[in-house]
>>> print(open('coords.pdb').read())   # PDB, C-alpha atoms, pLDDT in the B column
MODEL        1
ATOM      1  CA  MET L   1      14.033   0.933 -13.352  1.00 83.00           C
ATOM      2  CA  ASN L   2      12.010  -1.608 -11.388  1.00 92.00           C
ATOM      3  CA  PHE L   3      10.657  -1.117  -7.883  1.00 96.00           C
ATOM      4  CA  TYR L   4      13.544  -2.848  -6.104  1.00 93.00           C
ATOM      5  CA  GLU L   5      16.327  -1.119  -8.044  1.00 92.00           C
ATOM      6  CA  ASN L   6      15.245   2.174  -6.443  1.00 93.00           C
ATOM      7  CA  ASN L   7      16.309   1.112  -2.934  1.00 91.00           C
ATOM      8  CA  PHE L   8      13.408   3.028  -1.411  1.00 94.00           C
ATOM      9  CA  LYS L   9      13.747   3.928   2.263  1.00 92.00           C
ATOM     10  CA  ILE L  10      10.797   3.839   4.643  1.00 97.00           C
ATOM     11  CA  LYS L  11      10.089   2.936   8.250  1.00 97.00           C
ATOM     12  CA  THR L  12       7.450   0.639   9.681  1.00 97.00           C
ATOM     13  CA  ILE L  13       4.704   1.965  11.911  1.00 97.00           C
ATOM     14  CA  ASP L  14       7.016   1.004  14.823  1.00 96.00           C
ATOM     15  CA  GLY L  15       9.791   3.250  13.474  1.00 97.00           C
ATOM     16  CA  GLU L  16      12.004   0.381  12.310  1.00 97.00           C
ATOM     17  CA  PRO L  17      13.769   0.635   8.922  1.00 97.00           C
ATOM     18  CA  LEU L  18      11.991  -1.493   6.311  1.00 96.00           C
ATOM     19  CA  ASP L  19      14.107  -3.056   3.573  1.00 93.00           C
ATOM     20  CA  LEU L  20      11.622  -3.522   0.737  1.00 94.00           C
ATOM     21  CA  SER L  21      14.007  -5.817  -1.144  1.00 93.00           C
ATOM     22  CA  ARG L  22      13.076  -8.545   1.359  1.00 93.00           C
ATOM     23  CA  PHE L  23       9.798  -8.867  -0.562  1.00 95.00           C
ATOM     24  CA  LYS L  24      11.481  -9.822  -3.868  1.00 95.00           C
ATOM     25  CA  GLY L  25       9.887 -12.944  -5.260  1.00 96.00           C
ATOM     26  CA  LYS L  26       6.405 -11.988  -4.010  1.00 96.00           C
ATOM     27  CA  LYS L  27       3.726  -9.810  -5.492  1.00 97.00           C
ATOM     28  CA  LEU L  28       3.211  -6.497  -3.662  1.00 98.00           C
ATOM     29  CA  LEU L  29      -0.057  -4.688  -3.135  1.00 98.00           C
ATOM     30  CA  LEU L  30       0.672  -1.132  -1.983  1.00 98.00           C
ATOM     31  CA  VAL L  31      -2.271   0.748  -0.454  1.00 98.00           C
ATOM     32  CA  ASN L  32      -2.617   4.217   1.049  1.00 98.00           C
ATOM     33  CA  VAL L  33      -4.758   3.695   4.140  1.00 98.00           C
ATOM     34  CA  ALA L  34      -6.733   5.767   6.652  1.00 98.00           C
ATOM     35  CA  SER L  35      -8.669   4.961   9.832  1.00 97.00           C
ATOM     36  CA  LYS L  36     -11.585   7.389   9.428  1.00 96.00           C
ATOM     37  CA  CYS L  37     -12.607   6.820   5.800  1.00 97.00           C
ATOM     38  CA  GLY L  38     -15.679   5.263   4.212  1.00 96.00           C
ATOM     39  CA  PHE L  39     -13.296   2.696   2.682  1.00 96.00           C
ATOM     40  CA  THR L  40     -11.665   1.834   6.036  1.00 97.00           C
ATOM     41  CA  PRO L  41     -13.583  -1.498   6.276  1.00 97.00           C
ATOM     42  CA  GLN L  42     -11.386  -2.639   3.357  1.00 98.00           C
ATOM     43  CA  TYR L  43      -8.774  -3.385   6.029  1.00 98.00           C
ATOM     44  CA  LYS L  44     -10.769  -6.574   6.692  1.00 97.00           C
ATOM     45  CA  GLU L  45     -10.524  -7.751   3.063  1.00 98.00           C
ATOM     46  CA  LEU L  46      -6.887  -6.687   2.825  1.00 98.00           C
ATOM     47  CA  GLN L  47      -6.158  -8.950   5.794  1.00 98.00           C
ATOM     48  CA  GLN L  48      -8.175 -11.801   4.208  1.00 97.00           C
ATOM     49  CA  LEU L  49      -6.261 -11.361   0.957  1.00 98.00           C
ATOM     50  CA  TYR L  50      -2.959 -11.347   2.834  1.00 98.00           C
ATOM     51  CA  GLU L  51      -3.859 -14.584   4.632  1.00 97.00           C
ATOM     52  CA  LYS L  52      -5.176 -16.281   1.468  1.00 97.00           C
ATOM     53  CA  TYR L  53      -2.014 -15.594  -0.534  1.00 97.00           C
ATOM     54  CA  ASN L  54       0.426 -15.786   2.370  1.00 92.00           C
ATOM     55  CA  GLY L  55       3.906 -16.409   1.011  1.00 91.00           C
ATOM     56  CA  LYS L  56       2.991 -15.193  -2.495  1.00 96.00           C
ATOM     57  CA  LEU L  57       1.693 -11.702  -1.701  1.00 97.00           C
ATOM     58  CA  GLU L  58       2.821  -8.930   0.603  1.00 97.00           C
ATOM     59  CA  ILE L  59       0.543  -6.042   1.407  1.00 98.00           C
ATOM     60  CA  ILE L  60       1.969  -2.746   2.586  1.00 98.00           C
ATOM     61  CA  GLY L  61      -0.325  -0.111   4.015  1.00 98.00           C
ATOM     62  CA  PHE L  62       0.867   3.492   3.900  1.00 98.00           C
ATOM     63  CA  PRO L  63      -1.097   5.657   6.358  1.00 98.00           C
ATOM     64  CA  CYS L  64      -1.842   9.028   4.813  1.00 98.00           C
ATOM     65  CA  ASN L  65      -3.632  12.073   6.215  1.00 98.00           C
ATOM     66  CA  GLN L  66      -4.006  13.968   2.926  1.00 98.00           C
ATOM     67  CA  PHE L  67      -7.656  13.204   2.185  1.00 97.00           C
ATOM     68  CA  LEU L  68      -9.955  15.189   4.505  1.00 96.00           C
ATOM     69  CA  HIS L  69      -7.569  14.470   7.411  1.00 96.00           C
ATOM     70  CA  GLN L  70      -8.922  10.921   7.724  1.00 97.00           C
ATOM     71  CA  GLU L  71      -5.709   9.568   9.294  1.00 97.00           C
ATOM     72  CA  PRO L  72      -5.002  12.041  12.123  1.00 95.00           C
ATOM     73  CA  GLY L  73      -3.638   9.541  14.639  1.00 94.00           C
ATOM     74  CA  THR L  74      -0.156   8.907  15.924  1.00 96.00           C
ATOM     75  CA  ALA L  75       1.746   5.803  14.870  1.00 96.00           C
ATOM     76  CA  GLU L  76       0.676   4.077  18.094  1.00 96.00           C
ATOM     77  CA  GLU L  77      -2.982   4.982  17.562  1.00 97.00           C
ATOM     78  CA  ILE L  78      -2.933   3.797  13.943  1.00 97.00           C
ATOM     79  CA  LYS L  79      -1.300   0.493  14.877  1.00 96.00           C
ATOM     80  CA  GLU L  80      -3.758  -0.111  17.725  1.00 97.00           C
ATOM     81  CA  PHE L  81      -6.729   0.737  15.488  1.00 97.00           C
ATOM     82  CA  CYS L  82      -5.613  -1.668  12.727  1.00 97.00           C
ATOM     83  CA  THR L  83      -4.831  -4.498  15.119  1.00 96.00           C
ATOM     84  CA  LYS L  84      -7.839  -4.148  17.413  1.00 97.00           C
ATOM     85  CA  ASN L  85     -10.490  -3.541  14.764  1.00 97.00           C
ATOM     86  CA  TYR L  86      -9.234  -5.604  11.816  1.00 97.00           C
ATOM     87  CA  GLY L  87      -6.558  -7.975  13.122  1.00 97.00           C
ATOM     88  CA  VAL L  88      -4.048  -6.530  10.647  1.00 98.00           C
ATOM     89  CA  THR L  89      -0.802  -8.502  10.438  1.00 97.00           C
ATOM     90  CA  PHE L  90       0.465  -7.174   7.096  1.00 98.00           C
ATOM     91  CA  THR L  91       3.051  -4.390   7.039  1.00 97.00           C
ATOM     92  CA  ILE L  92       1.974  -0.866   7.943  1.00 98.00           C
ATOM     93  CA  THR L  93       4.506   1.933   7.464  1.00 98.00           C
ATOM     94  CA  GLU L  94       5.032   5.345   8.957  1.00 97.00           C
ATOM     95  CA  LYS L  95       2.592   8.045   7.831  1.00 97.00           C
ATOM     96  CA  ILE L  96       3.564   9.526   4.443  1.00 98.00           C
ATOM     97  CA  ASP L  97       2.322  11.888   1.725  1.00 98.00           C
ATOM     98  CA  VAL L  98       1.118  10.098  -1.407  1.00 98.00           C
ATOM     99  CA  LYS L  99       0.642  13.251  -3.488  1.00 98.00           C
ATOM    100  CA  GLY L 100       1.784  16.840  -3.649  1.00 97.00           C
ATOM    101  CA  GLN L 101       5.031  18.615  -2.903  1.00 96.00           C
ATOM    102  CA  ASN L 102       6.172  16.143  -0.216  1.00 98.00           C
ATOM    103  CA  GLN L 103       5.088  13.005  -2.080  1.00 98.00           C
ATOM    104  CA  HIS L 104       7.094  10.024  -0.857  1.00 98.00           C
ATOM    105  CA  PRO L 105       9.569   8.631  -3.449  1.00 97.00           C
ATOM    106  CA  ILE L 106       7.664   5.314  -3.502  1.00 98.00           C
ATOM    107  CA  TYR L 107       4.558   7.159  -4.653  1.00 98.00           C
ATOM    108  CA  GLN L 108       6.550   9.273  -7.094  1.00 98.00           C
ATOM    109  CA  TRP L 109       7.536   5.966  -8.734  1.00 98.00           C
ATOM    110  CA  LEU L 110       4.045   4.466  -8.529  1.00 98.00           C
ATOM    111  CA  THR L 111       2.304   7.466 -10.101  1.00 98.00           C
ATOM    112  CA  ASN L 112       4.783   8.411 -12.843  1.00 98.00           C
ATOM    113  CA  LYS L 113       5.039   6.473 -16.136  1.00 97.00           C
ATOM    114  CA  GLU L 114       8.551   7.838 -16.736  1.00 97.00           C
ATOM    115  CA  LYS L 115       9.631   6.034 -13.558  1.00 96.00           C
ATOM    116  CA  ASN L 116       7.471   2.872 -13.488  1.00 97.00           C
ATOM    117  CA  GLY L 117       7.427   2.323 -17.269  1.00 96.00           C
ATOM    118  CA  VAL L 118       3.707   1.516 -17.492  1.00 97.00           C
ATOM    119  CA  GLU L 119       1.321   4.320 -16.585  1.00 97.00           C
ATOM    120  CA  SER L 120       0.865   7.589 -14.775  1.00 98.00           C
ATOM    121  CA  SER L 121      -1.915   7.956 -12.219  1.00 97.00           C
ATOM    122  CA  LYS L 122      -3.107  10.259  -9.496  1.00 97.00           C
ATOM    123  CA  VAL L 123      -3.900   9.018  -6.011  1.00 98.00           C
ATOM    124  CA  LYS L 124      -7.539  10.047  -5.862  1.00 95.00           C
ATOM    125  CA  TRP L 125      -8.460   8.903  -2.345  1.00 97.00           C
ATOM    126  CA  ASN L 126      -7.624   6.544   0.485  1.00 98.00           C
ATOM    127  CA  PHE L 127      -7.331   2.827  -0.341  1.00 98.00           C
ATOM    128  CA  GLN L 128      -6.070   3.220  -3.901  1.00 98.00           C
ATOM    129  CA  LYS L 129      -4.091   0.065  -4.658  1.00 98.00           C
ATOM    130  CA  TYR L 130      -0.939  -0.539  -6.721  1.00 98.00           C
ATOM    131  CA  LEU L 131       0.231  -3.989  -7.791  1.00 98.00           C
ATOM    132  CA  ILE L 132       3.896  -4.886  -8.316  1.00 98.00           C
ATOM    133  CA  ASP L 133       4.948  -8.317  -9.624  1.00 97.00           C
ATOM    134  CA  GLU L 134       7.475 -10.732  -8.108  1.00 96.00           C
ATOM    135  CA  ASN L 135      10.356  -9.101  -9.985  1.00 95.00           C
ATOM    136  CA  GLY L 136       9.520  -5.530  -8.993  1.00 97.00           C
ATOM    137  CA  ASN L 137       7.727  -4.566 -12.207  1.00 97.00           C
ATOM    138  CA  TYR L 138       4.723  -2.269 -12.042  1.00 98.00           C
ATOM    139  CA  VAL L 139       1.555  -4.133 -13.081  1.00 98.00           C
ATOM    140  CA  THR L 140      -1.427  -1.797 -12.598  1.00 98.00           C
ATOM    141  CA  HIS L 141      -3.411   0.229 -10.104  1.00 98.00           C
ATOM    142  CA  PHE L 142      -6.944  -0.088  -8.769  1.00 98.00           C
ATOM    143  CA  PRO L 143      -9.169   2.802  -7.652  1.00 97.00           C
ATOM    144  CA  PRO L 144     -10.331   2.918  -4.020  1.00 98.00           C
ATOM    145  CA  GLN L 145     -13.764   1.454  -4.728  1.00 97.00           C
ATOM    146  CA  VAL L 146     -12.246  -1.812  -6.046  1.00 98.00           C
ATOM    147  CA  LYS L 147     -12.394  -4.106  -3.029  1.00 98.00           C
ATOM    148  CA  PRO L 148      -9.329  -6.184  -2.162  1.00 98.00           C
ATOM    149  CA  MET L 149     -11.107  -9.523  -2.718  1.00 97.00           C
ATOM    150  CA  SER L 150     -12.532  -8.336  -6.060  1.00 97.00           C
ATOM    151  CA  GLU L 151     -11.956 -10.497  -9.129  1.00 97.00           C
ATOM    152  CA  LYS L 152     -10.276  -7.445 -10.689  1.00 97.00           C
ATOM    153  CA  ILE L 153      -7.419  -7.981  -8.197  1.00 98.00           C
ATOM    154  CA  LEU L 154      -7.653 -11.749  -7.663  1.00 97.00           C
ATOM    155  CA  LYS L 155      -7.113 -12.486 -11.377  1.00 97.00           C
ATOM    156  CA  TYR L 156      -3.549 -11.182 -11.013  1.00 96.00           C
ATOM    157  CA  LEU L 157      -2.820 -13.376  -7.998  1.00 95.00           C
ATOM    158  CA  LYS L 158      -3.892 -16.799  -9.320  1.00 85.00           C
TER
ENDMDL
END
>>> encode(input="coords.pdb", output="structure tokens")
Amino acid sequence: MNFYENNFKIKTIDGEPLDLSRFKGKKLLLVNVASKCGFTPQYKELQQLYEKYNGKLEIIGFPCNQFLHQEPGTAEEIKEFCTKNYGVTFTITEKIDVKGQNQHPIYQWLTNKEKNGVESSKVKWNFQKYLIDENGNYVTHFPPQVKPMSEKILKYLK
């Protein structure tokens, strides 16, 4: 079952329902994000990537507080941090769990080969990235240390 056939439910950082099917026809880069992490400066490159491939790529940031409590803020604080410090205009969602007992269904799909059809993975830290193609098929994942503007990611977007 592809990404869109799951009809995942999630809210934006503003608490509005987000219909992920509106992104059909574009590649998706899904990233668990945090404001107080050594990888937090990747927000800058994520925004650059979003602007460079505008119309072809959507980036969705999923705030998560599961790694050393590096995303403790409220929705308002997270939004202000992303906007003020990195000029983020890509989609940021409500705070979710990306692993464990309360793992969000999106991340259950992303990390389980039986669901995504390609590979199983564990979310090891903040800023792990998952790539979905235009048709909702899982492509691959990138560990946190792979920067957004890295050739490892760009080769899939050309």
>>> residues_near_point(input="coords.pdb", point="(-9.0, 9.3, -1.0)", cutoff="9 Å", atoms="all atoms listed in the file", output="ChimeraX atom specification")
/L:32-34,37,39,66-68,70,123-128,144
>>> resolve_selection(input="coords.pdb", expression="the PyMOL selection byres ((chain L and resi 42) around 12)", output="ChimeraX atom specification")
/L:31-41,43-49,61,82,85-86,88,126-129,144-150
>>> atom_distance(input="coords.pdb", atom1="atom CA of Lys79 of chain L", atom2="atom CA of Leu154 of chain L")
26.4 Å
>>> residues_around(input="coords.pdb", residues="Gly15 of chain L", least_positions_apart="4", cutoff="9 Å", atoms="all atoms listed in the file", output="JSON, numbers by chain")
{"L": [10, 11, 75, 93, 94]}
>>> resolve_selection(input="coords.pdb", expression="the PyMOL selection byres ((chain L and resi 156) around 10)", output="PyMOL selection string")
chain L and resi 27+131+133+139-140+151-155+157-158
>>> closest_residue(input="coords.pdb", among="L:Phe90, L:Gly136, L:Lys113, L:Tyr53", to="Leu20 of chain L", atoms="only C-alpha atoms")
L:Gly136
>>> resolve_selection(input="coords.pdb", expression="the PyMOL selection byres ((chain L and resi 91) around 10)", output="MDAnalysis selection string")
chainID L and resid 12:13 18 30 58:62 88:90 92:93
>>> write_last_selection(input="coords.pdb", atoms="C-alpha atoms", output="compact mmCIF listing (two decimals), in the coordinates of the input")
# COMPACT_ATOMS: atom_id res chain seq x y z
CA THR L 12 7.45 0.64 9.68
CA ILE L 13 4.70 1.96 11.91
CA LEU L 18 11.99 -1.49 6.31
CA LEU L 30 0.67 -1.13 -1.98
CA GLU L 58 2.82 -8.93 0.60
CA ILE L 59 0.54 -6.04 1.41
CA ILE L 60 1.97 -2.75 2.59
CA GLY L 61 -0.32 -0.11 4.01
CA PHE L 62 0.87 3.49 3.90
CA VAL L 88 -4.05 -6.53 10.65
CA THR L 89 -0.80 -8.50 10.44
CA PHE L 90 0.46 -7.17 7.10
CA ILE L 92 1.97 -0.87 7.94
CA THR L 93 4.51 1.93 7.46
>>> atom_distance(input="coords.pdb", atom1="atom CA of Asn137 of chain L", atom2="atom CA of Gln101 of chain L")
25.1 Å
>>> closest_residue(input="coords.pdb", among="L:Val98, L:Cys64, L:Ile106, L:Ile78", to="Lys122 of chain L", atoms="all atoms listed in the file")
L:Val98
>>> closest_residue(input="coords.pdb", among="L:Tyr50, L:Lys95, L:Leu110, L:Thr74", to="Ile132 of chain L", atoms="all atoms listed in the file")
L:Leu110
>>> axis_aligned_box(input="coords.pdb", around="segment 2-15 of chain L", padding_each_side="3 Å", output="AutoDock Vina command-line options")
--center_x 10.5 --center_y 0.5 --center_z 1.7 --size_x 17.6 --size_y 12.8 --size_z 32.2
>>> atom_distance(input="coords.pdb", atom1="atom CA of Pro63 of chain L", atom2="atom CA of Leu29 of chain L")
14.1 Å
>>> closest_residue(input="coords.pdb", among="L:Asn65, L:Asn7, L:Asn102, L:Ser121", to="Arg22 of chain L", atoms="only C-alpha atoms")
L:Asn7
